[in-house]
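Trainee: Coordinates in protein.pdb, PDB, C-alpha atoms, are listed below.
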```
ATOM      1  CA  MET W   1      -7.651  -6.833 -10.258
ATOM      2  CA  LYS W   2      -6.104  -4.077  -8.190
ATOM      3  CA  ARG W   3      -5.789  -0.731  -9.915
ATOM      4  CA  VAL W   4      -2.140   0.170 -10.457
ATOM      5  CA  TYR W   5      -1.288   3.871 -10.765
ATOM      6  CA  ASP W   6       1.648   5.157 -12.742
ATOM      7  CA  MET W   7       2.465   7.525  -9.894
ATOM      8  CA  VAL W   8       1.319   8.037  -6.317
ATOM      9  CA  ILE W   9       2.288  11.315  -4.663
ATOM     10  CA  VAL W  10       2.254  11.527  -0.873
ATOM     11  CA  GLY W  11       1.443  15.126  -0.002
ATOM     12  CA  GLY W  12      -0.728  17.795  -1.573
ATOM     13  CA  GLY W  13       1.462  20.831  -0.996
ATOM     14  CA  PRO W  14       3.387  22.884  -3.584
ATOM     15  CA  ALA W  15       5.821  20.066  -4.408
ATOM     16  CA  GLY W  16       3.188  17.339  -4.583
ATOM     17  CA  LEU W  17       0.663  19.279  -6.654
ATOM     18  CA  THR W  18       3.340  20.545  -9.038
ATOM     19  CA  ALA W  19       4.528  16.970  -9.574
ATOM     20  CA  ALA W  20       0.916  15.934 -10.159
ATOM     21  CA  ILE W  21       0.346  18.675 -12.754
ATOM     22  CA  TYR W  22       3.408  17.647 -14.753
ATOM     23  CA  ALA W  23       2.568  13.941 -14.608
ATOM     24  CA  GLY W  24      -1.121  14.496 -15.365
ATOM     25  CA  ARG W  25      -0.223  16.643 -18.351
ATOM     26  CA  ALA W  26       1.938  13.731 -19.546
ATOM     27  CA  ASN W  27      -1.222  11.577 -19.551
ATOM     28  CA  LEU W  28      -0.091   9.416 -16.649
ATOM     29  CA  ASP W  29      -2.476   7.848 -14.127
ATOM     30  CA  VAL W  30      -1.721   9.888 -11.009
ATOM     31  CA  LEU W  31      -2.985   9.813  -7.428
ATOM     32  CA  VAL W  32      -2.275  12.433  -4.752
ATOM     33  CA  ILE W  33      -2.785  11.517  -1.094
ATOM     34  CA  GLU W  34      -3.198  14.489   1.206
ATOM     35  CA  LYS W  35      -4.270  15.144   4.768
ATOM     36  CA  ARG W  36      -7.245  17.478   5.052
ATOM     37  CA  GLU W  37      -6.409  21.040   6.075
ATOM     38  CA  ILE W  38      -2.787  20.151   6.863
ATOM     39  CA  GLY W  39       0.250  21.926   5.449
ATOM     40  CA  SER W  40       2.342  25.075   5.726
ATOM     41  CA  LEU W  41       0.913  26.450   2.483
ATOM     42  CA  LEU W  42      -2.661  26.445   3.764
ATOM     43  CA  ILE W  43      -1.814  28.475   6.868
ATOM     44  CA  ALA W  44       0.202  31.118   5.008
ATOM     45  CA  HIS W  45      -1.800  34.339   5.282
ATOM     46  CA  SER W  46      -0.046  36.106   2.438
ATOM     47  CA  ILE W  47       2.740  35.090   0.077
ATOM     48  CA  ASP W  48       4.342  38.164  -1.445
ATOM     49  CA  ASN W  49       7.413  36.652  -3.108
ATOM     50  CA  TYR W  50       5.843  34.020  -5.343
ATOM     51  CA  PRO W  51       6.468  35.016  -8.965
ATOM     52  CA  GLY W  52       3.464  36.109 -10.991
ATOM     53  CA  PHE W  53       1.446  37.594  -8.119
ATOM     54  CA  PRO W  54       2.648  41.196  -7.663
ATOM     55  CA  GLU W  55      -0.139  41.902  -5.167
ATOM     56  CA  GLY W  56       0.568  38.729  -3.226
ATOM     57  CA  ILE W  57      -1.685  35.714  -2.754
ATOM     58  CA  SER W  58      -2.835  33.739   0.264
ATOM     59  CA  GLY W  59      -1.561  30.227   0.740
ATOM     60  CA  ARG W  60      -5.070  28.811   0.511
ATOM     61  CA  GLU W  61      -5.750  30.618  -2.771
ATOM     62  CA  LEU W  62      -2.524  29.305  -4.260
ATOM     63  CA  TYR W  63      -3.355  25.798  -3.063
ATOM     64  CA  GLU W  64      -6.833  25.919  -4.622
ATOM     65  CA  LEU W  65      -5.422  27.103  -7.951
ATOM     66  CA  LYS W  66      -2.815  24.349  -8.020
ATOM     67  CA  LYS W  67      -5.412  21.735  -7.082
ATOM     68  CA  LYS W  68      -7.775  22.961  -9.803
ATOM     69  CA  GLN W  69      -4.981  22.725 -12.356
ATOM     70  CA  ALA W  70      -4.083  19.174 -11.276
ATOM     71  CA  LEU W  71      -7.718  18.067 -11.500
ATOM     72  CA  LYS W  72      -7.883  19.590 -14.969
ATOM     73  CA  TYR W  73      -5.294  17.016 -16.089
ATOM     74  CA  GLY W  74      -7.176  14.073 -14.622
ATOM     75  CA  VAL W  75      -5.225  13.748 -11.402
ATOM     76  CA  GLU W  76      -7.089  11.908  -8.624
ATOM     77  CA  ILE W  77      -6.837  13.469  -5.148
ATOM     78  CA  VAL W  78      -7.860  11.602  -1.996
ATOM     79  CA  GLU W  79      -7.640  12.314   1.723
ATOM     80  CA  GLY W  80      -5.740   9.909   3.915
ATOM     81  CA  THR W  81      -2.942   9.406   6.424
ATOM     82  CA  PHE W  82       0.196   7.827   5.001
ATOM     83  CA  LEU W  83       1.230   4.833   7.112
ATOM     84  CA  GLU W  84       3.826   2.823   5.257
ATOM     85  CA  LEU W  85       5.500   2.184   1.928
ATOM     86  CA  ASP W  86       6.056  -1.406   0.801
ATOM     87  CA  ILE W  87       9.099  -1.174  -1.450
ATOM     88  CA  PHE W  88       9.461  -4.912  -1.877
ATOM     89  CA  SER W  89       6.179  -5.468  -3.708
ATOM     90  CA  ASP W  90       5.960  -5.124  -7.464
ATOM     91  CA  PRO W  91       4.156  -2.830  -8.020
ATOM     92  CA  LYS W  92       4.940  -0.870  -4.864
ATOM     93  CA  VAL W  93       2.219  -0.405  -2.243
ATOM     94  CA  VAL W  94       1.444   2.895  -0.515
ATOM     95  CA  LYS W  95      -0.475   2.110   2.673
ATOM     96  CA  THR W  96      -2.862   4.626   4.229
ATOM     97  CA  ASP W  97      -5.577   4.594   6.868
ATOM     98  CA  VAL W  98      -8.149   4.593   4.067
ATOM     99  CA  GLU W  99      -6.854   2.149   1.483
ATOM    100  CA  ASN W 100      -3.715   0.557   0.079
ATOM    101  CA  TYR W 101      -2.684   1.941  -3.306
ATOM    102  CA  HIS W 102      -0.537   0.119  -5.880
ATOM    103  CA  THR W 103       1.835   2.107  -8.052
ATOM    104  CA  HIS W 104       4.914   1.970 -10.260
ATOM    105  CA  THR W 105       6.473   5.139  -8.809
ATOM    106  CA  VAL W 106       6.155   7.193  -5.632
ATOM    107  CA  ILE W 107       6.975  10.821  -4.927
ATOM    108  CA  LEU W 108       7.276  11.623  -1.233
ATOM    109  CA  ALA W 109       6.249  15.248  -0.751
ATOM    110  CA  SER W 110       4.770  15.188   2.730
ATOM    111  CA  GLY W 111       6.435  18.333   4.061
ATOM    112  CA  TRP W 112       8.502  18.871   7.188
ATOM    113  CA  PRO W 113       9.700  15.570   8.654
ATOM    114  CA  LYS W 114       8.187  14.230  11.840
ATOM    115  CA  ASN W 115      10.505  14.104  14.813
ATOM    116  CA  ASN W 116      10.510  11.359  17.394
ATOM    117  CA  GLU W 117       7.853  12.933  19.594
ATOM    118  CA  LYS W 118       4.856  10.629  19.824
ATOM    119  CA  LYS W 119       1.258  11.839  19.889
ATOM    120  CA  ILE W 120      -0.116   9.144  22.192
ATOM    121  CA  GLU W 121       0.793   9.151  25.878
ATOM    122  CA  GLY W 122       3.001   6.140  26.551
ATOM    123  CA  GLU W 123       3.686   5.426  22.863
ATOM    124  CA  ALA W 124       7.368   6.383  22.860
ATOM    125  CA  GLU W 125       7.984   4.619  26.170
ATOM    126  CA  PHE W 126       6.737   1.245  24.938
ATOM    127  CA  VAL W 127       7.960   1.131  21.329
ATOM    128  CA  GLY W 128       9.474  -2.327  20.993
ATOM    129  CA  ARG W 129       7.894  -3.382  24.274
ATOM    130  CA  GLY W 130       4.334  -3.923  23.193
ATOM    131  CA  VAL W 131       3.906  -0.966  20.821
ATOM    132  CA  SER W 132       4.429  -1.803  17.165
ATOM    133  CA  TYR W 133       3.491  -0.374  13.780
ATOM    134  CA  CYS W 134       3.652  -3.627  11.826
ATOM    135  CA  ALA W 135       1.720  -6.797  12.674
ATOM    136  CA  THR W 136       3.312  -8.762   9.855
ATOM    137  CA  CYS W 137       6.705  -7.872  11.360
ATOM    138  CA  ASP W 138       5.939  -8.588  15.021
ATOM    139  CA  GLY W 139       2.898 -10.852  14.906
ATOM    140  CA  ALA W 140       4.874 -13.936  15.926
ATOM    141  CA  PHE W 141       5.537 -12.297  19.310
ATOM    142  CA  THR W 142       1.803 -12.186  20.067
ATOM    143  CA  ARG W 143       1.198 -15.929  20.305
ATOM    144  CA  ASN W 144      -1.657 -16.553  22.793
ATOM    145  CA  LEU W 145      -1.775 -12.848  23.712
ATOM    146  CA  THR W 146      -4.555 -10.265  23.626
ATOM    147  CA  VAL W 147      -3.776  -7.534  21.112
ATOM    148  CA  GLY W 148      -5.314  -4.277  19.914
ATOM    149  CA  LEU W 149      -5.075  -2.576  16.552
ATOM    150  CA  PHE W 150      -5.869   1.130  16.299
ATOM    151  CA  GLY W 151      -6.800   2.823  13.027
ATOM    152  CA  GLN W 152      -8.834   2.532   9.847
ATOM    153  CA  GLY W 153      -8.561   1.071   6.376
ATOM    154  CA  ASP W 154      -7.481  -2.024   4.515
ATOM    155  CA  GLU W 155      -4.094  -2.023   6.215
ATOM    156  CA  VAL W 156      -5.657  -2.511   9.657
ATOM    157  CA  ALA W 157      -8.010  -5.232   8.410
ATOM    158  CA  GLU W 158      -5.213  -7.108   6.654
ATOM    159  CA  GLU W 159      -2.956  -6.889   9.688
ATOM    160  CA  ALA W 160      -5.759  -8.134  11.959
ATOM    161  CA  LEU W 161      -6.283 -11.127   9.665
ATOM    162  CA  PHE W 162      -2.579 -11.896   9.812
ATOM    163  CA  LEU W 163      -2.662 -11.860  13.616
ATOM    164  CA  THR W 164      -5.361 -14.550  13.673
ATOM    165  CA  ARG W 165      -2.501 -17.000  13.082
ATOM    166  CA  TYR W 166      -1.001 -16.163  16.469
ATOM    167  CA  SER W 167      -3.047 -14.006  18.840
ATOM    168  CA  LYS W 168      -5.587 -15.285  21.365
ATOM    169  CA  GLU W 169      -7.883 -12.268  21.078
ATOM    170  CA  ILE W 170      -7.802  -9.394  18.591
ATOM    171  CA  LEU W 171      -9.567  -6.086  19.234
ATOM    172  CA  VAL W 172      -9.760  -3.670  16.322
ATOM    173  CA  PHE W 173     -10.405  -0.118  17.538
ATOM    174  CA  ALA W 174     -11.961   1.980  14.768
ATOM    175  CA  PRO W 175     -12.227   5.746  15.374
ATOM    176  CA  GLU W 176     -15.574   5.928  13.555
ATOM    177  CA  GLY W 177     -18.817   3.975  13.582
ATOM    178  CA  GLU W 178     -17.339   1.048  11.692
ATOM    179  CA  LEU W 179     -14.091  -0.341  10.362
ATOM    180  CA  LYS W 180     -13.703   1.165   6.909
ATOM    181  CA  CYS W 181     -12.201  -1.371   4.524
ATOM    182  CA  HIS W 182     -13.168  -3.446   1.519
ATOM    183  CA  GLU W 183     -16.150  -5.742   2.057
ATOM    184  CA  GLU W 184     -14.170  -8.913   1.391
ATOM    185  CA  LEU W 185     -11.860  -8.012   4.261
ATOM    186  CA  LYS W 186     -14.816  -7.370   6.575
ATOM    187  CA  ASP W 187     -16.277 -10.741   5.613
ATOM    188  CA  ALA W 188     -12.964 -12.474   6.257
ATOM    189  CA  LEU W 189     -12.655 -10.881   9.705
ATOM    190  CA  ALA W 190     -16.225 -11.864  10.582
ATOM    191  CA  LYS W 191     -15.305 -15.527  10.151
ATOM    192  CA  HIS W 192     -12.902 -15.369  13.108
ATOM    193  CA  ASP W 193     -14.503 -15.642  16.546
ATOM    194  CA  ASN W 194     -11.470 -14.123  18.246
ATOM    195  CA  VAL W 195     -11.734 -10.815  16.323
ATOM    196  CA  ARG W 196     -13.889  -7.999  17.684
ATOM    197  CA  ILE W 197     -14.460  -4.519  16.248
ATOM    198  CA  VAL W 198     -14.712  -1.699  18.795
ATOM    199  CA  ALA W 199     -16.322   1.271  17.027
ATOM    200  CA  ASN W 200     -16.155   4.983  17.870
ATOM    201  CA  SER W 201     -12.973   4.479  19.868
ATOM    202  CA  LYS W 202      -9.908   6.687  20.155
ATOM    203  CA  LEU W 203      -6.677   5.710  21.894
ATOM    204  CA  LYS W 204      -5.752   8.082  24.725
ATOM    205  CA  LYS W 205      -3.061   6.355  26.790
ATOM    206  CA  ILE W 206      -0.791   3.285  26.848
ATOM    207  CA  GLU W 207       0.356   1.946  30.216
ATOM    208  CA  GLY W 208       2.378  -0.881  31.709
ATOM    209  CA  SER W 209       5.515  -1.710  33.668
ATOM    210  CA  ASN W 210       8.194  -3.335  31.518
ATOM    211  CA  TYR W 211       5.725  -4.101  28.731
ATOM    212  CA  VAL W 212       2.310  -2.874  27.656
ATOM    213  CA  GLU W 213      -0.419  -4.011  30.040
ATOM    214  CA  LYS W 214      -3.419  -1.792  29.366
ATOM    215  CA  VAL W 215      -4.742   1.075  27.292
ATOM    216  CA  THR W 216      -7.243   3.832  27.927
ATOM    217  CA  VAL W 217      -9.703   4.385  25.100
ATOM    218  CA  LYS W 218     -12.305   7.093  24.665
ATOM    219  CA  GLU W 219     -15.278   5.093  23.482
ATOM    220  CA  ASN W 220     -18.588   6.751  22.550
ATOM    221  CA  GLY W 221     -17.678   9.759  24.668
ATOM    222  CA  SER W 222     -16.585   7.841  27.787
ATOM    223  CA  GLU W 223     -13.177   6.520  28.808
ATOM    224  CA  ARG W 224     -12.682   2.780  29.180
ATOM    225  CA  VAL W 225      -9.655   0.684  30.081
ATOM    226  CA  TYR W 226      -8.753  -2.481  28.138
ATOM    227  CA  ASP W 227      -6.193  -5.059  29.210
ATOM    228  CA  LEU W 228      -3.877  -5.618  26.238
ATOM    229  CA  ASP W 229      -0.523  -7.325  25.837
ATOM    230  CA  TYR W 230       0.349  -5.765  22.493
ATOM    231  CA  THR W 231      -0.770  -2.697  20.535
ATOM    232  CA  PHE W 232      -0.405  -2.028  16.825
ATOM    233  CA  LEU W 233      -0.778   1.616  15.839
ATOM    234  CA  TYR W 234      -1.905   2.812  12.413
ATOM    235  CA  LEU W 235      -2.450   6.433  13.375
ATOM    236  CA  GLY W 236       0.267   8.235  11.447
ATOM    237  CA  THR W 237       2.469   8.713  14.520
ATOM    238  CA  LYS W 238       5.650   7.192  13.091
ATOM    239  CA  SER W 239       8.715   9.429  12.953
ATOM    240  CA  SER W 240      10.493  10.096   9.659
ATOM    241  CA  GLU W 241      13.157   7.579  10.604
ATOM    242  CA  GLU W 242      10.512   4.910  11.181
ATOM    243  CA  LEU W 243       8.688   5.809   7.964
ATOM    244  CA  TYR W 244      11.538   6.309   5.547
ATOM    245  CA  ALA W 245      14.706   4.635   6.877
ATOM    246  CA  GLY W 246      14.326   1.786   4.382
ATOM    247  CA  VAL W 247      13.630   4.146   1.506
ATOM    248  CA  ALA W 248      16.252   6.864   1.773
ATOM    249  CA  ASN W 249      19.221   7.989   3.792
ATOM    250  CA  LEU W 250      18.255  10.636   6.331
ATOM    251  CA  ASP W 251      20.286  13.563   7.624
ATOM    252  CA  SER W 252      20.631  14.325  11.344
ATOM    253  CA  ASN W 253      17.338  16.247  11.348
ATOM    254  CA  GLY W 254      15.282  13.548   9.660
ATOM    255  CA  TYR W 255      15.240  15.029   6.158
ATOM    256  CA  LEU W 256      15.507  12.661   3.186
ATOM    257  CA  ILE W 257      18.780  12.836   1.271
ATOM    258  CA  THR W 258      18.476  12.795  -2.519
ATOM    259  CA  GLY W 259      20.523  13.907  -5.480
ATOM    260  CA  GLU W 260      19.524  16.829  -7.666
ATOM    261  CA  ASP W 261      17.395  14.336  -9.590
ATOM    262  CA  MET W 262      15.240  13.833  -6.436
ATOM    263  CA  LYS W 263      15.918  10.084  -6.489
ATOM    264  CA  THR W 264      16.105   8.182  -3.217
ATOM    265  CA  GLN W 265      18.174   5.027  -2.796
ATOM    266  CA  VAL W 266      15.213   2.910  -3.947
ATOM    267  CA  GLU W 267      14.475   2.734  -7.668
ATOM    268  CA  GLY W 268      11.214   4.443  -8.600
ATOM    269  CA  ILE W 269      10.911   6.462  -5.386
ATOM    270  CA  TYR W 270      11.577  10.193  -5.250
ATOM    271  CA  ALA W 271      11.416  12.930  -2.611
ATOM    272  CA  ALA W 272      10.500  16.582  -3.160
ATOM    273  CA  GLY W 273       9.818  19.725  -1.178
ATOM    274  CA  ASP W 274      10.346  20.421   2.499
ATOM    275  CA  ILE W 275      10.887  16.752   3.344
ATOM    276  CA  ARG W 276      14.129  16.784   1.354
ATOM    277  CA  SER W 277      17.520  17.695   2.824
ATOM    278  CA  LYS W 278      18.487  21.033   1.247
ATOM    279  CA  LEU W 279      19.556  24.615   1.997
ATOM    280  CA  VAL W 280      16.374  26.603   1.300
ATOM    281  CA  ARG W 281      12.718  25.758   1.953
ATOM    282  CA  GLN W 282      10.345  28.069   0.120
ATOM    283  CA  VAL W 283       7.264  27.537  -2.024
ATOM    284  CA  THR W 284       9.398  28.237  -5.083
ATOM    285  CA  THR W 285      11.988  25.597  -4.180
ATOM    286  CA  ALA W 286       9.242  23.083  -3.428
ATOM    287  CA  VAL W 287       7.758  23.724  -6.871
ATOM    288  CA  ALA W 288      11.176  23.213  -8.442
ATOM    289  CA  ASP W 289      11.644  19.924  -6.576
ATOM    290  CA  GLY W 290       8.203  18.730  -7.644
ATOM    291  CA  THR W 291       8.989  19.549 -11.263
ATOM    292  CA  VAL W 292      12.256  17.608 -11.284
ATOM    293  CA  ALA W 293      10.844  14.640  -9.355
ATOM    294  CA  SER W 294       7.865  14.358 -11.689
ATOM    295  CA  MET W 295       9.931  14.605 -14.859
ATOM    296  CA  GLU W 296      12.424  12.018 -13.603
ATOM    297  CA  ALA W 297       9.618   9.687 -12.496
ATOM    298  CA  THR W 298       7.862  10.124 -15.827
ATOM    299  CA  LYS W 299      11.032   9.167 -17.724
ATOM    300  CA  TYR W 300      11.356   6.108 -15.504
ATOM    301  CA  ILE W 301       7.741   5.068 -16.136
ATOM    302  CA  LEU W 302       7.952   5.532 -19.906
ATOM    303  CA  LYS W 303      11.195   3.561 -20.035
ATOM    304  CA  LYS W 304       9.609   0.677 -18.100
ATOM    305  CA  LYS W 305       6.558   0.685 -20.372
ATOM    306  CA  LYS W 306       8.764   0.603 -23.461
ATOM    307  CA  GLU W 307      10.806  -2.310 -22.045
ATOM    308  CA  ALA W 308       7.604  -4.223 -21.275
ATOM    309  CA  LYS W 309       6.439  -4.154 -24.922
TER     310      LYS W 309
END
```
Could you express the structure from this file as structure tokens?

Mentor:
Amino acid sequence: MKRVYDMVIVGGGPAGLTAAIYAGRANLDVLVIEKREIGSLLIAHSIDNYPGFPEGISGRELYELKKKQALKYGVEIVEGTFLELDIFSDPKVVKTDVENYHTHTVILASGWPKNNEKKIEGEAEFVGRGVSYCATCDGAFTRNLTVGLFGQGDEVAEEALFLTRYSKEILVFAPEGELKCHEELKDALAKHDNVRIVANSKLKKIEGSNYVEKVTVKENGSERVYDLDYTFLYLGTKSSEELYAGVANLDSNGYLITGEDMKTQVEGIYAAGDIRSKLVRQVTTAVADGTVASMEATKYILKKKKEAK
């Protein structure tokens, strides 16, 4: 049986950790997904206008205090890159490069939205022409083609297994010494002769004419070129529009539009902090957003539990 959390929070900044503290204190089963050493709070040298610290406090100190308080209430905190949110599953599924997490509610608190600039050379140019972020969406287009998947975790393994229905050859490029996923997924992949794991590999460049034709990969310290017809990226390079368009309405700058209750247009999903469309972005306003989102999500969870009895 898959573990199902009451609440998964994407982002370990002021909004996310505040939401976690409130939900943990309410005895909910809470998971926070954060990216290591990433966030505007961590790089703040000194915060002089946060109430309760007349001498000021560094962003890192404030982060460590908030994290300690969340852990005190039993909150689980893991590192990972958020890839996708499956809003059609029940419970919902938060997909990362480490693992897929099942949950009844989600609070999106991942900070400033990503714009449409892509991190990989050639990525933006070939989106929709051999670059995809979803094998289950585009797998049918890869019939008898050679494809590559780039990333880590259960999501990559599951997507590779799906592609075995269509693709001629499937190369899974793992950035570390092995593909990190559950053992049953590894065993399932091993049963397919057309699946190959390429370890210690990092995507550097995507090239082609009208469609993707080849990629350059840094593999064990040296660059190597692979001929590929299709690439599936699980590297956290999606823009906010690509990540959240099905979850919430976005303003012209990519921020998620919510009401004062932090609710998005999808039941059970909330947004808080700098990712939300609003007038002021400060640590204090992020904390306020996290408080409201957590309290609203908690009410939603308790109502669902009562209805289920």

Trainee: Could you give me, as a PyMOL selection string, the residues within 9 Å of range 121-127 of chain W, counting all atoms listed in the file and dropping anything in the same chain fewer than 4 positions from it?

Mentor: chain W and resi 116-117+131-133+204-208+210-212

Trainee: Under the PyMOL selection byres ((chain W and resi 244-253) around 12), which residues of this model are included? Write them out as JSON, numbers by chain.

Mentor: {"W": [82, 83, 84, 85, 86, 87, 88, 92, 106, 107, 108, 110, 112, 113, 114, 115, 116, 238, 239, 240, 241, 242, 243, 254, 255, 256, 257, 258, 259, 262, 263, 264, 265, 266, 267, 268, 269, 270, 271, 275, 276, 277, 278]}

Trainee: Would you please work out which residue, of W:Gly13, W:Gly290, W:Gly74, W:Gly148, is nearest to Leu163 in chain W when using all atoms listed in the file?

Mentor: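 Of W:Gly13, W:Gly290, W:Gly74, W:Gly148, the one nearest Leu163 in chain W is W:Gly148, counting all atoms listed in the file.
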
Trainee: Name all residues at most 6 Å from Phe150 in chain W (count only C-alpha atoms; drop same-chain ones fewer than 6 positions away) and give them as a ChimeraX atom specification.

Mentor: /W:173,233-234

Trainee: Restricting the output to C-alpha atoms, write the selected residues as a PDB file, in the frame of the given file.

Mentor:
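Saved the output as again10.pdb:
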```
ATOM      1  CA  PHE W 173     -10.405  -0.118  17.538  1.00  0.00           C
ATOM      2  CA  LEU W 233      -0.778   1.616  15.839  1.00  0.00           C
ATOM      3  CA  TYR W 234      -1.905   2.812  12.413  1.00  0.00           C
TER       4      TYR W 234
END
```

Trainee: Take the point (-4.8, 36.2, 7.7) as written in the file and pick out every residue within 10 Å of it, counting all atoms listed in the file; give the list as a list in words.

Mentor: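 In the file's frame, the residues around the point are Ile43, Ala44, His45, Ser46, Ser58 and Gly59 of chain W.
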
Trainee: Quick one: residues within 8 Å of Thr142 in chain W, all atoms listed in the file counted, chain neighbours fewer than 4 positions away excluded, as number ranges by chain?

Mentor: W: 138, 146-147, 163, 166-167, 229-230

Trainee: Please, could you write that set of residues out with C-alpha atoms as a PDB file, in the frame of the given file?

Mentor:
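New file part_0.pdb:
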```pdb
ATOM      1  CA  ASP W 138       5.939  -8.588  15.021  1.00  0.00           C
ATOM      2  CA  THR W 146      -4.555 -10.265  23.626  1.00  0.00           C
ATOM      3  CA  VAL W 147      -3.776  -7.534  21.112  1.00  0.00           C
ATOM      4  CA  LEU W 163      -2.662 -11.860  13.616  1.00  0.00           C
ATOM      5  CA  TYR W 166      -1.001 -16.163  16.469  1.00  0.00           C
ATOM      6  CA  SER W 167      -3.047 -14.006  18.840  1.00  0.00           C
ATOM      7  CA  ASP W 229      -0.523  -7.325  25.837  1.00  0.00           C
ATOM      8  CA  TYR W 230       0.349  -5.765  22.493  1.00  0.00           C
TER       9      TYR W 230
END
```

Trainee: Give me, please, the distance in Å between CA of Gly24 in chain W and CA of Ile301 in chain W, quoted to one decimal.

Mentor: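 Rounded to one decimal, the two atoms are 13.0 Å apart.
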
Trainee: If I take CA of Lys214 in chain W and CA of Glu178 in chain W, how far is one from the other in Å, to one decimal?

Mentor: 22.7 Å

Trainee: If you measure from CA of Leu71 in chain W to CA of Ile47 in chain W, what distance in Å do you get, rounded to one decimal?

Mentor: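 Separating CA of Leu71 in chain W from CA of Ile47 in chain W is a distance of 23.1 Å.
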
Trainee: Nearest to Ala286 in chain W among W:Val10, W:Ala109, W:Ala135, W:Leu31, with distances taken over all atoms listed in the file: which residue is it?

Mentor: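 The answer is W:Ala109, which sits nearest to Ala286 in chain W.
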
Trainee: Taking into account all atoms listed in the file, which residue in the set W:Lys309, W:Lys299, W:Lys2, W:Lys68 is nearest to Ala20 in chain W?

Mentor: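 Smallest distance to Ala20 in chain W is found for W:Lys68.
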
Trainee: With 5 Å on each side, where is the centre of the axis-aligned box around all listed atoms of range 26-33 of chain W, and how long are its edges in Å to one decimal, as lines of an AutoDock Vina configuration file?

Mentor:
```
center_x = -0.5
center_y = 10.8
center_z = -10.3
size_x = 14.9
size_y = 15.9
size_z = 28.5
```

Trainee: Give me the residues near Lys305 in chain W as a PDB file with C-alpha atoms, in the coordinates of the input, where near means some atom within 12 Å (using only C-alpha atoms) and where sequence neighbours in that chain fewer than 5 positions away do not count.

Mentor:
```
ATOM      1  CA  ASP W   6       1.648   5.157 -12.742  1.00  0.00           C
ATOM      2  CA  LEU W  28      -0.091   9.416 -16.649  1.00  0.00           C
ATOM      3  CA  HIS W 104       4.914   1.970 -10.260  1.00  0.00           C
ATOM      4  CA  THR W 298       7.862  10.124 -15.827  1.00  0.00           C
ATOM      5  CA  LYS W 299      11.032   9.167 -17.724  1.00  0.00           C
ATOM      6  CA  TYR W 300      11.356   6.108 -15.504  1.00  0.00           C
TER       7      TYR W 300
END
```

Trainee: So, with all atoms listed in the file as the atoms that count, which of W:Glu307, W:Glu183, W:Glu176, W:Glu99 lies closest to Asn200 in chain W?

Mentor: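 Ranked by minimum distance to Asn200 in chain W, first place goes to W:Glu176.
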